[in-house]
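Just final34.cif here, mmCIF, C-alpha atoms, pLDDT in the B column; chains and numbers go by the auth columns:
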data_final
loop_
_atom_site.group_PDB
_atom_site.id
_atom_site.type_symbol
_atom_site.label_atom_id
_atom_site.label_comp_id
_atom_site.label_asym_id
_atom_site.label_seq_id
_atom_site.Cartn_x
_atom_site.Cartn_y
_atom_site.Cartn_z
_atom_site.B_iso_or_equiv
_atom_site.auth_seq_id
_atom_site.auth_asym_id
ATOM 1 C CA ALA A 1 11.615 3.547 14.783 76.00 21 A
ATOM 2 C CA GLN A 2 8.278 4.416 16.288 84.00 22 A
ATOM 3 C CA SER A 3 7.325 3.391 19.819 91.00 23 A
ATOM 4 C CA VAL A 4 4.372 3.770 22.170 96.00 24 A
ATOM 5 C CA THR A 5 4.442 3.995 25.951 97.00 25 A
ATOM 6 C CA GLN A 6 1.483 3.503 28.231 98.00 26 A
ATOM 7 C CA PRO A 7 2.883 4.353 31.663 97.00 27 A
ATOM 8 C CA ASP A 8 0.056 2.809 33.690 96.00 28 A
ATOM 9 C CA ILE A 9 -0.173 -0.968 33.639 96.00 29 A
ATOM 10 C CA HIS A 10 -3.253 -1.083 35.879 96.00 30 A
ATOM 11 C CA ILE A 11 -5.828 1.526 36.819 97.00 31 A
ATOM 12 C CA THR A 12 -8.701 1.022 39.249 97.00 32 A
ATOM 13 C CA VAL A 13 -11.606 3.419 39.064 97.00 33 A
ATOM 14 C CA SER A 14 -14.993 3.558 40.741 97.00 34 A
ATOM 15 C CA GLU A 15 -18.092 3.254 38.619 97.00 35 A
ATOM 16 C CA GLY A 16 -19.312 6.709 37.690 97.00 36 A
ATOM 17 C CA ALA A 17 -15.897 8.307 38.154 98.00 37 A
ATOM 18 C CA SER A 18 -13.859 9.776 35.330 97.00 38 A
ATOM 19 C CA LEU A 19 -11.077 7.883 33.608 98.00 39 A
ATOM 20 C CA GLU A 20 -7.919 9.041 31.870 98.00 40 A
ATOM 21 C CA LEU A 21 -5.418 6.701 30.244 98.00 41 A
ATOM 22 C CA ARG A 22 -2.050 8.028 29.208 98.00 42 A
ATOM 23 C CA CYS A 23 -0.257 7.366 25.954 98.00 43 A
ATOM 24 C CA ASN A 24 3.041 8.788 24.746 97.00 44 A
ATOM 25 C CA TYR A 25 4.525 8.025 21.379 95.00 45 A
ATOM 26 C CA SER A 26 7.861 8.453 19.672 91.00 46 A
ATOM 27 C CA TYR A 27 7.804 9.169 15.974 84.00 47 A
ATOM 28 C CA GLY A 28 9.602 11.545 13.643 75.00 48 A
ATOM 29 C CA ALA A 29 6.458 13.235 12.422 76.00 49 A
ATOM 30 C CA THR A 30 2.790 13.151 13.303 75.00 50 A
ATOM 31 C CA PRO A 31 1.657 9.563 13.114 84.00 51 A
ATOM 32 C CA TYR A 32 -1.774 8.103 12.809 90.00 52 A
ATOM 33 C CA LEU A 33 -2.975 7.456 16.373 93.00 53 A
ATOM 34 C CA PHE A 34 -5.458 4.932 17.672 95.00 54 A
ATOM 35 C CA TRP A 35 -7.011 3.541 20.810 97.00 55 A
ATOM 36 C CA TYR A 36 -8.231 -0.050 20.863 97.00 56 A
ATOM 37 C CA VAL A 37 -10.033 -1.938 23.644 97.00 57 A
ATOM 38 C CA GLN A 38 -9.811 -5.647 24.395 96.00 58 A
ATOM 39 C CA SER A 39 -12.331 -7.389 26.639 93.00 59 A
ATOM 40 C CA PRO A 40 -11.372 -10.744 28.180 87.00 60 A
ATOM 41 C CA GLY A 41 -11.292 -13.488 25.592 81.00 61 A
ATOM 42 C CA GLN A 42 -12.011 -11.073 22.779 85.00 62 A
ATOM 43 C CA GLY A 43 -10.144 -9.455 19.954 90.00 63 A
ATOM 44 C CA LEU A 44 -9.412 -5.740 19.774 94.00 64 A
ATOM 45 C CA GLN A 45 -12.050 -3.161 18.946 94.00 65 A
ATOM 46 C CA LEU A 46 -11.233 0.287 17.606 93.00 66 A
ATOM 47 C CA LEU A 47 -12.411 3.042 19.975 96.00 67 A
ATOM 48 C CA LEU A 48 -11.204 6.079 18.070 95.00 68 A
ATOM 49 C CA LYS A 49 -8.547 7.368 15.710 93.00 69 A
ATOM 50 C CA TYR A 50 -6.687 10.583 14.894 93.00 70 A
ATOM 51 C CA PHE A 51 -5.459 11.344 11.421 88.00 71 A
ATOM 52 C CA SER A 52 -5.426 15.130 11.236 85.00 72 A
ATOM 53 C CA GLY A 53 -7.517 18.202 12.017 87.00 73 A
ATOM 54 C CA ASP A 54 -9.278 18.711 15.314 89.00 74 A
ATOM 55 C CA THR A 55 -7.016 17.455 18.065 91.00 75 A
ATOM 56 C CA LEU A 56 -9.937 16.319 20.222 96.00 76 A
ATOM 57 C CA VAL A 57 -11.496 13.217 18.722 96.00 77 A
ATOM 58 C CA GLN A 58 -14.652 11.452 19.752 97.00 78 A
ATOM 59 C CA GLY A 59 -15.044 7.723 19.693 96.00 79 A
ATOM 60 C CA ILE A 60 -17.486 5.016 20.525 95.00 80 A
ATOM 61 C CA LYS A 61 -18.801 4.177 23.989 94.00 81 A
ATOM 62 C CA GLY A 62 -18.443 7.784 25.165 96.00 82 A
ATOM 63 C CA PHE A 63 -14.644 7.907 24.893 97.00 83 A
ATOM 64 C CA GLU A 64 -12.605 10.823 23.625 98.00 84 A
ATOM 65 C CA ALA A 65 -8.898 11.450 23.150 98.00 85 A
ATOM 66 C CA GLU A 66 -6.774 14.533 22.754 97.00 86 A
ATOM 67 C CA PHE A 67 -3.691 14.749 20.574 95.00 87 A
ATOM 68 C CA LYS A 68 -0.999 17.049 21.959 94.00 88 A
ATOM 69 C CA ARG A 69 1.867 17.415 19.534 92.00 89 A
ATOM 70 C CA SER A 70 4.092 19.301 21.986 91.00 90 A
ATOM 71 C CA GLN A 71 3.844 16.469 24.493 94.00 91 A
ATOM 72 C CA SER A 72 3.767 13.594 21.980 93.00 92 A
ATOM 73 C CA SER A 73 0.704 12.371 23.791 96.00 93 A
ATOM 74 C CA PHE A 74 -2.691 10.966 22.902 97.00 94 A
ATOM 75 C CA ASN A 75 -4.542 10.457 26.180 98.00 95 A
ATOM 76 C CA LEU A 76 -7.888 8.702 26.348 98.00 96 A
ATOM 77 C CA ARG A 77 -10.686 9.979 28.590 98.00 97 A
ATOM 78 C CA LYS A 78 -14.179 9.081 29.653 98.00 98 A
ATOM 79 C CA PRO A 79 -16.241 11.343 31.949 97.00 99 A
ATOM 80 C CA SER A 80 -18.181 8.580 33.710 97.00 100 A
ATOM 81 C CA VAL A 81 -17.073 4.971 33.716 97.00 101 A
ATOM 82 C CA HIS A 82 -19.495 2.056 33.521 96.00 102 A
ATOM 83 C CA TRP A 83 -18.783 -1.433 34.849 95.00 103 A
ATOM 84 C CA SER A 84 -18.702 -2.665 31.248 95.00 104 A
ATOM 85 C CA ASP A 85 -15.638 -0.486 30.589 96.00 105 A
ATOM 86 C CA ALA A 86 -13.470 -2.940 32.525 97.00 106 A
ATOM 87 C CA ALA A 87 -11.038 -4.145 29.868 97.00 107 A
ATOM 88 C CA GLU A 88 -7.540 -3.645 28.548 97.00 108 A
ATOM 89 C CA TYR A 89 -6.856 -0.560 26.476 98.00 109 A
ATOM 90 C CA PHE A 90 -4.154 -0.227 23.864 98.00 110 A
ATOM 91 C CA CYS A 91 -2.766 2.884 22.240 97.00 111 A
ATOM 92 C CA ALA A 92 -1.239 2.400 18.786 95.00 112 A
ATOM 93 C CA VAL A 93 0.566 4.382 16.126 92.00 113 A
ATOM 94 C CA GLY A 94 0.764 3.906 12.385 87.00 114 A
ATOM 95 C CA ALA A 95 3.299 5.496 10.068 77.00 115 A
ATOM 96 C CA ARG A 96 2.018 8.122 7.648 69.00 116 A
ATOM 97 C CA GLY A 97 2.805 7.548 4.039 68.00 117 A
ATOM 98 C CA ALA A 98 3.632 3.898 4.535 66.00 118 A
ATOM 99 C CA ALA A 99 1.765 1.465 2.383 66.00 119 A
ATOM 100 C CA GLY A 100 0.034 -0.995 4.563 73.00 120 A
ATOM 101 C CA ASN A 101 -1.601 -1.331 7.941 79.00 121 A
ATOM 102 C CA LYS A 102 1.333 -1.947 10.261 85.00 122 A
ATOM 103 C CA LEU A 103 0.630 -0.686 13.770 90.00 123 A
ATOM 104 C CA THR A 104 2.903 -0.374 16.779 92.00 124 A
ATOM 105 C CA PHE A 105 1.053 -0.941 20.042 95.00 125 A
ATOM 106 C CA GLY A 106 1.750 0.197 23.566 97.00 126 A
ATOM 107 C CA GLY A 107 1.919 -2.335 26.370 96.00 127 A
ATOM 108 C CA GLY A 108 -1.691 -1.762 27.372 97.00 128 A
ATOM 109 C CA THR A 109 -3.479 -0.482 30.471 98.00 129 A
ATOM 110 C CA ARG A 110 -5.827 -2.802 32.316 97.00 130 A
ATOM 111 C CA VAL A 111 -8.812 -0.980 33.774 98.00 131 A
ATOM 112 C CA LEU A 112 -10.666 -2.380 36.761 97.00 132 A
ATOM 113 C CA VAL A 113 -14.001 -0.843 37.709 97.00 133 A
ATOM 114 C CA LYS A 114 -15.128 -0.915 41.343 96.00 134 A
ATOM 115 C CA PRO A 115 -18.865 -0.942 42.039 91.00 135 A
ATOM 116 C CA LYS B 1 -21.953 -8.678 7.898 65.00 23 B
ATOM 117 C CA ALA B 2 -19.834 -11.379 9.488 77.00 24 B
ATOM 118 C CA GLY B 3 -16.710 -10.316 11.331 93.00 25 B
ATOM 119 C CA VAL B 4 -13.200 -11.695 11.150 96.00 26 B
ATOM 120 C CA THR B 5 -13.181 -15.421 11.811 97.00 27 B
ATOM 121 C CA GLN B 6 -10.183 -17.260 13.135 97.00 28 B
ATOM 122 C CA THR B 7 -9.793 -21.004 13.454 97.00 29 B
ATOM 123 C CA PRO B 8 -9.015 -22.864 15.539 97.00 30 B
ATOM 124 C CA ARG B 9 -9.718 -20.842 18.657 96.00 31 B
ATOM 125 C CA TYR B 10 -7.578 -23.003 20.903 97.00 32 B
ATOM 126 C CA LEU B 11 -4.883 -25.523 20.225 96.00 33 B
ATOM 127 C CA ILE B 12 -2.129 -27.339 22.056 98.00 34 B
ATOM 128 C CA LYS B 13 1.065 -28.471 20.384 98.00 35 B
ATOM 129 C CA THR B 14 4.399 -29.838 21.517 98.00 36 B
ATOM 130 C CA ARG B 15 7.836 -28.450 20.833 98.00 37 B
ATOM 131 C CA GLY B 16 9.125 -29.201 17.369 97.00 38 B
ATOM 132 C CA GLN B 17 5.695 -29.530 15.788 98.00 39 B
ATOM 133 C CA GLN B 18 4.247 -27.088 13.318 98.00 40 B
ATOM 134 C CA VAL B 19 0.902 -25.295 13.320 98.00 41 B
ATOM 135 C CA THR B 20 -1.314 -23.601 10.763 98.00 42 B
ATOM 136 C CA LEU B 21 -3.817 -20.938 11.750 98.00 43 B
ATOM 137 C CA SER B 22 -6.561 -19.670 9.510 98.00 44 B
ATOM 138 C CA CYS B 23 -8.230 -16.297 9.147 98.00 45 B
ATOM 139 C CA SER B 24 -11.260 -15.291 7.112 98.00 46 B
ATOM 140 C CA PRO B 25 -11.511 -11.509 6.782 97.00 47 B
ATOM 141 C CA ILE B 26 -14.633 -9.427 6.597 95.00 48 B
ATOM 142 C CA SER B 27 -16.226 -9.792 3.197 94.00 49 B
ATOM 143 C CA GLY B 28 -14.686 -7.301 0.775 91.00 50 B
ATOM 144 C CA HIS B 29 -11.578 -6.678 2.869 92.00 51 B
ATOM 145 C CA ARG B 30 -8.362 -7.379 0.989 91.00 52 B
ATOM 146 C CA SER B 31 -5.826 -6.609 3.708 92.00 53 B
ATOM 147 C CA VAL B 32 -5.091 -9.187 6.391 95.00 54 B
ATOM 148 C CA SER B 33 -2.595 -8.611 9.186 95.00 55 B
ATOM 149 C CA TRP B 34 -1.337 -10.966 11.875 97.00 56 B
ATOM 150 C CA TYR B 35 -0.213 -10.054 15.387 97.00 57 B
ATOM 151 C CA GLN B 36 1.214 -12.077 18.224 97.00 58 B
ATOM 152 C CA GLN B 37 0.092 -11.191 21.739 96.00 59 B
ATOM 153 C CA THR B 38 1.987 -12.399 24.796 95.00 60 B
ATOM 154 C CA PRO B 39 2.053 -11.156 28.407 91.00 61 B
ATOM 155 C CA GLY B 40 5.758 -10.364 28.165 89.00 62 B
ATOM 156 C CA GLN B 41 6.064 -8.796 24.717 92.00 63 B
ATOM 157 C CA GLY B 42 2.571 -7.443 24.225 93.00 64 B
ATOM 158 C CA LEU B 43 1.179 -7.051 20.725 95.00 65 B
ATOM 159 C CA GLN B 44 3.741 -7.539 18.004 95.00 66 B
ATOM 160 C CA PHE B 45 3.203 -7.253 14.265 94.00 67 B
ATOM 161 C CA LEU B 46 3.957 -10.393 12.295 96.00 68 B
ATOM 162 C CA PHE B 47 3.019 -9.589 8.701 94.00 69 B
ATOM 163 C CA GLU B 48 0.381 -8.138 6.425 93.00 70 B
ATOM 164 C CA TYR B 49 -0.979 -9.426 3.158 94.00 71 B
ATOM 165 C CA PHE B 50 -2.830 -7.506 0.503 91.00 72 B
ATOM 166 C CA SER B 51 -4.122 -9.110 -2.675 90.00 73 B
ATOM 167 C CA GLU B 52 -2.077 -12.256 -2.060 94.00 74 B
ATOM 168 C CA THR B 53 1.180 -10.304 -1.628 93.00 75 B
ATOM 169 C CA GLN B 54 3.067 -9.763 1.582 93.00 76 B
ATOM 170 C CA ARG B 55 3.095 -6.006 2.025 88.00 77 B
ATOM 171 C CA ASN B 56 4.787 -5.674 5.416 87.00 78 B
ATOM 172 C CA LYS B 57 6.765 -7.943 7.674 91.00 79 B
ATOM 173 C CA GLY B 58 7.683 -7.717 11.335 92.00 80 B
ATOM 174 C CA ASN B 59 10.806 -8.903 13.092 93.00 81 B
ATOM 175 C CA PHE B 60 10.094 -12.568 13.514 96.00 82 B
ATOM 176 C CA PRO B 61 12.243 -15.537 12.502 96.00 83 B
ATOM 177 C CA GLY B 62 11.652 -17.387 9.273 96.00 84 B
ATOM 178 C CA ARG B 63 9.772 -20.097 11.176 97.00 85 B
ATOM 179 C CA PHE B 64 6.807 -17.754 10.982 98.00 86 B
ATOM 180 C CA SER B 65 5.280 -17.568 7.538 97.00 87 B
ATOM 181 C CA GLY B 66 1.994 -16.707 5.968 97.00 88 B
ATOM 182 C CA ARG B 67 0.058 -16.575 2.789 97.00 89 B
ATOM 183 C CA GLN B 68 -3.134 -15.175 1.387 97.00 90 B
ATOM 184 C CA PHE B 69 -5.479 -16.778 -1.064 97.00 91 B
ATOM 185 C CA SER B 70 -7.412 -15.232 -3.912 96.00 92 B
ATOM 186 C CA ASN B 71 -10.538 -15.028 -1.728 94.00 93 B
ATOM 187 C CA SER B 72 -8.499 -12.967 0.806 95.00 94 B
ATOM 188 C CA ARG B 73 -8.482 -15.734 3.391 97.00 95 B
ATOM 189 C CA SER B 74 -5.118 -16.009 5.062 98.00 96 B
ATOM 190 C CA GLU B 75 -3.132 -18.636 6.873 98.00 97 B
ATOM 191 C CA MET B 76 -0.077 -18.355 9.033 98.00 98 B
ATOM 192 C CA ASN B 77 2.272 -21.198 9.772 98.00 99 B
ATOM 193 C CA VAL B 78 4.772 -21.658 12.551 98.00 100 B
ATOM 194 C CA SER B 79 7.265 -24.451 12.099 96.00 101 B
ATOM 195 C CA THR B 80 9.497 -26.115 14.689 97.00 102 B
ATOM 196 C CA LEU B 81 7.471 -24.750 17.577 98.00 103 B
ATOM 197 C CA GLU B 82 9.233 -23.426 20.657 97.00 104 B
ATOM 198 C CA LEU B 83 7.818 -22.862 24.141 97.00 105 B
ATOM 199 C CA GLY B 84 8.043 -19.126 23.552 96.00 106 B
ATOM 200 C CA ASP B 85 5.621 -19.361 20.646 97.00 107 B
ATOM 201 C CA SER B 86 2.779 -19.846 23.126 97.00 108 B
ATOM 202 C CA ALA B 87 0.601 -16.814 22.511 97.00 109 B
ATOM 203 C CA LEU B 88 -2.672 -15.422 21.289 96.00 110 B
ATOM 204 C CA TYR B 89 -2.416 -14.942 17.524 98.00 111 B
ATOM 205 C CA LEU B 90 -4.704 -12.208 16.286 97.00 112 B
ATOM 206 C CA CYS B 91 -5.766 -11.649 12.740 97.00 113 B
ATOM 207 C CA ALA B 92 -7.116 -8.312 11.549 95.00 114 B
ATOM 208 C CA SER B 93 -8.603 -7.221 8.277 94.00 115 B
ATOM 209 C CA SER B 94 -8.987 -3.832 6.674 90.00 116 B
ATOM 210 C CA GLY B 95 -10.840 -2.538 3.691 83.00 117 B
ATOM 211 C CA GLN B 96 -8.452 0.358 3.196 68.00 118 B
ATOM 212 C CA ARG B 97 -5.614 0.152 0.703 62.00 119 B
ATOM 213 C CA ALA B 98 -3.405 2.655 2.491 62.00 120 B
ATOM 214 C CA ASN B 99 -2.366 2.602 6.095 64.00 121 B
ATOM 215 C CA THR B 100 -5.325 3.863 8.069 70.00 122 B
ATOM 216 C CA GLY B 101 -4.965 1.528 11.005 71.00 123 B
ATOM 217 C CA GLU B 102 -8.669 0.893 11.109 81.00 124 B
ATOM 218 C CA LEU B 103 -8.306 -2.769 11.709 90.00 125 B
ATOM 219 C CA PHE B 104 -11.054 -5.222 12.514 91.00 126 B
ATOM 220 C CA PHE B 105 -9.759 -7.995 14.723 94.00 127 B
ATOM 221 C CA GLY B 106 -10.856 -11.569 15.157 95.00 128 B
ATOM 222 C CA GLU B 107 -11.051 -13.202 18.569 95.00 129 B
ATOM 223 C CA GLY B 108 -7.713 -14.895 18.085 96.00 130 B
ATOM 224 C CA SER B 109 -6.235 -18.358 18.132 97.00 131 B
ATOM 225 C CA ARG B 110 -4.686 -19.269 21.451 96.00 132 B
ATOM 226 C CA LEU B 111 -1.684 -21.530 20.943 98.00 133 B
ATOM 227 C CA THR B 112 -0.102 -23.410 23.826 97.00 134 B
ATOM 228 C CA VAL B 113 3.208 -25.140 23.200 98.00 135 B
ATOM 229 C CA LEU B 114 4.188 -27.859 25.686 97.00 136 B
#

Take the structure from the file and write it as structure tokens.
Amino acid sequence: AQSVTQPDIHITVSEGASLELRCNYSYGATPYLFWYVQSPGQGLQLLLKYFSGDTLVQGIKGFEAEFKRSQSSFNLRKPSVHWSDAAEYFCAVGARGAAGNKLTFGGGTRVLVKP
Amino acid sequence: KAGVTQTPRYLIKTRGQQVTLSCSPISGHRSVSWYQQTPGQGLQFLFEYFSETQRNKGNFPGRFSGRQFSNSRSEMNVSTLELGDSALYLCASSGQRANTGELFFGEGSRLTVL
């Protein structure tokens, strides 16, 4: 069975500083990989996704993520954080070849941004 | 184009009652998935419907059920409510037939069971 681990429950970062959120997955092959963001009282919004090809993927809001097969990781980064980036971030995996849109989510990392 | 709409946004029920939640997907989307979000268990997959057929199912008891109508709108039902069913129930739609994971989420229905 696939699983996703986000080791950091909370991260506090100063506005303008860089941000890196960790994600490790367990899956027999290369899964589809995603990062979603959830602002308070809102649903989830897709930030970026990895299906195949270039292991560095760009997303919305200035985020990027790097897939590292050898480490089973898909870490999310942003060079300079804005106050509006305060939210909860979820890494997710989907099974290749499976019919349907079933995702397995990590526990989430809550990001606090200090002024 | 309008996003995913979930109703009601908030509701309070008592143990033993049942509840029905509704989800209207983005126009043209035929896949609708449901997730339960709680502080303790995080985001857990309930089920997915595509063209009125349940395509995937998570590990939830039979008290949790769903259906999809010909216009792609979906409902989920929870019978004999328990305190542990208190959660944010998120609906997501997708326009992709295969599993791409590009889901568009609604704002959720927050259920409180007393």

Let me make sure I understand: among A:Gly128, A:Gln62, A:Asn44, A:Glu108, which one has the smallest atom-to-atom distance to Val26 in chain B if we use all atoms listed in the file? A:Gln62

Using only C-alpha atoms and a distance of at most 12 Å, pull out the residues of chain A that contact chain B, as a ChimeraX atom specification. /A:23-26,29,51-72,108-129

Result set of the PyMOL selection byres ((chain A and resi 94-100) around 7) on the coordinates above, as a PyMOL selection string: chain A and resi 36-44+82-88+93+101-102

Using the chain letters and residue numbers of this document, give as a list in words the residues selected by the PyMOL selection byres ((chain B and resi 32) around 9).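 Applied to this file, the PyMOL selection byres ((chain B and resi 32) around 9) selects Thr29, Pro30, Arg31, Leu33, Ile34, Gly130, Ser131, Arg132, Leu133 and Thr134 of chain B.
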
Can you list, as a list in words, every protein, DNA or RNA residue that comes within 7 Å of range 44-50 of chain B when you count only C-alpha atoms, leaving out same-chain residues fewer than 5 positions away?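 Surrounding residues, per the criterion: Ala24, Gly25, Val26, Thr27, Gln28, Thr29, Ser94, Arg95, Ser96, Glu97, Met98, Cys113, Ser115 and Gly117 of chain B.
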
Keeping only C-alpha atoms, write the selected residues as a PDB file, in the frame of the given file.
ATOM      1  CA  ALA B  24     -19.834 -11.379   9.488  1.00 77.00           C
ATOM      2  CA  GLY B  25     -16.710 -10.316  11.331  1.00 93.00           C
ATOM      3  CA  VAL B  26     -13.200 -11.695  11.150  1.00 96.00           C
ATOM      4  CA  THR B  27     -13.181 -15.421  11.811  1.00 97.00           C
ATOM      5  CA  GLN B  28     -10.183 -17.260  13.135  1.00 97.00           C
ATOM      6  CA  THR B  29      -9.793 -21.004  13.454  1.00 97.00           C
ATOM      7  CA  SER B  94      -8.499 -12.967   0.806  1.00 95.00           C
ATOM      8  CA  ARG B  95      -8.482 -15.734   3.391  1.00 97.00           C
ATOM      9  CA  SER B  96      -5.118 -16.009   5.062  1.00 98.00           C
ATOM     10  CA  GLU B  97      -3.132 -18.636   6.873  1.00 98.00           C
ATOM     11  CA  MET B  98      -0.077 -18.355   9.033  1.00 98.00           C
ATOM     12  CA  CYS B 113      -5.766 -11.649  12.740  1.00 97.00           C
ATOM     13  CA  SER B 115      -8.603  -7.221   8.277  1.00 94.00           C
ATOM     14  CA  GLY B 117     -10.840  -2.538   3.691  1.00 83.00           C
TER      15      GLY B 117
END

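Pairwise distance (CA of Arg89 in chain B, CA of Ser101 in chain B) equals 14.2 Å.
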
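Pairwise distance (CA of Thr36 in chain B, CA of Asn81 in chain B) equals 23.5 Å.
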
Find the spatial neighbours of Asp107 in chain B, counting all atoms listed in the file, within a cut-off of 8 Å - ignore same-chain residues fewer than 2 positions away - and output them as a ChimeraX atom specification. /B:103-105,109,133-135

In Å to one decimal, how far is CA of Tyr45 in chain A from CA of Gln91 in chain A?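 For CA of Gln91 in chain A relative to CA of Tyr45 in chain A, the distance reads 9.0 Å.
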
Export range 43-50 of chain A from the structure block above, keeping all heavy atoms, as an mmCIF file, in the first residue's frame.
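In the end it all went to part-v5.cif:
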data_model
loop_
_atom_site.group_PDB
_atom_site.id
_atom_site.type_symbol
_atom_site.label_atom_id
_atom_site.label_comp_id
_atom_site.auth_asym_id
_atom_site.auth_seq_id
_atom_site.Cartn_x
_atom_site.Cartn_y
_atom_site.Cartn_z
ATOM 1 N N CYS A 43 8.709 15.798 1.905
ATOM 2 C CA CYS A 43 7.709 14.774 1.623
ATOM 3 C C CYS A 43 8.426 13.501 1.219
ATOM 4 O O CYS A 43 9.243 13.516 0.287
ATOM 5 C CB CYS A 43 6.772 15.229 0.498
ATOM 6 S SG CYS A 43 5.644 13.931 -0.089
ATOM 7 N N ASN A 44 8.120 12.413 1.888
ATOM 8 C CA ASN A 44 8.641 11.103 1.515
ATOM 9 C C ASN A 44 7.476 10.165 1.260
ATOM 10 O O ASN A 44 6.478 10.199 1.975
ATOM 11 C CB ASN A 44 9.531 10.535 2.625
ATOM 12 C CG ASN A 44 10.788 11.349 2.798
ATOM 13 O OD1 ASN A 44 10.872 12.217 3.659
ATOM 14 N ND2 ASN A 44 11.765 11.086 1.958
ATOM 15 N N TYR A 45 7.606 9.348 0.263
ATOM 16 C CA TYR A 45 6.500 8.459 -0.082
ATOM 17 C C TYR A 45 6.987 7.015 -0.112
ATOM 18 O O TYR A 45 8.180 6.735 -0.242
ATOM 19 C CB TYR A 45 5.900 8.839 -1.434
ATOM 20 C CG TYR A 45 6.840 8.610 -2.587
ATOM 21 C CD1 TYR A 45 6.893 7.391 -3.245
ATOM 22 C CD2 TYR A 45 7.709 9.621 -3.006
ATOM 23 C CE1 TYR A 45 7.779 7.170 -4.281
ATOM 24 C CE2 TYR A 45 8.598 9.413 -4.037
ATOM 25 C CZ TYR A 45 8.632 8.182 -4.670
ATOM 26 O OH TYR A 45 9.510 7.964 -5.691
ATOM 27 N N SER A 46 6.047 6.116 0.010
ATOM 28 C CA SER A 46 6.328 4.692 -0.109
ATOM 29 C C SER A 46 5.387 4.135 -1.164
ATOM 30 O O SER A 46 4.164 4.244 -1.039
ATOM 31 C CB SER A 46 6.090 3.990 1.236
ATOM 32 O OG SER A 46 6.204 2.583 1.087
ATOM 33 N N TYR A 47 6.013 3.596 -2.205
ATOM 34 C CA TYR A 47 5.214 3.060 -3.317
ATOM 35 C C TYR A 47 6.106 2.146 -4.110
ATOM 36 O O TYR A 47 7.309 2.363 -4.210
ATOM 37 C CB TYR A 47 4.696 4.213 -4.181
ATOM 38 C CG TYR A 47 3.787 3.789 -5.299
ATOM 39 C CD1 TYR A 47 2.559 3.197 -5.037
ATOM 40 C CD2 TYR A 47 4.148 3.980 -6.635
ATOM 41 C CE1 TYR A 47 1.727 2.797 -6.061
ATOM 42 C CE2 TYR A 47 3.317 3.595 -7.664
ATOM 43 C CZ TYR A 47 2.105 2.998 -7.372
ATOM 44 O OH TYR A 47 1.282 2.608 -8.385
ATOM 45 N N GLY A 48 5.543 1.104 -4.704
ATOM 46 C CA GLY A 48 6.344 0.105 -5.391
ATOM 47 C C GLY A 48 7.015 0.597 -6.649
ATOM 48 O O GLY A 48 8.041 0.087 -7.059
ATOM 49 N N ALA A 49 6.445 1.600 -7.267
ATOM 50 C CA ALA A 49 7.018 2.136 -8.499
ATOM 51 C C ALA A 49 7.006 3.652 -8.367
ATOM 52 O O ALA A 49 6.891 4.176 -7.272
ATOM 53 C CB ALA A 49 6.196 1.667 -9.691
ATOM 54 N N THR A 50 7.149 4.339 -9.461
ATOM 55 C CA THR A 50 7.079 5.795 -9.413
ATOM 56 C C THR A 50 5.623 6.219 -9.474
ATOM 57 O O THR A 50 4.936 5.931 -10.454
ATOM 58 C CB THR A 50 7.844 6.424 -10.590
ATOM 59 O OG1 THR A 50 9.198 5.991 -10.541
ATOM 60 C CG2 THR A 50 7.789 7.938 -10.497
#
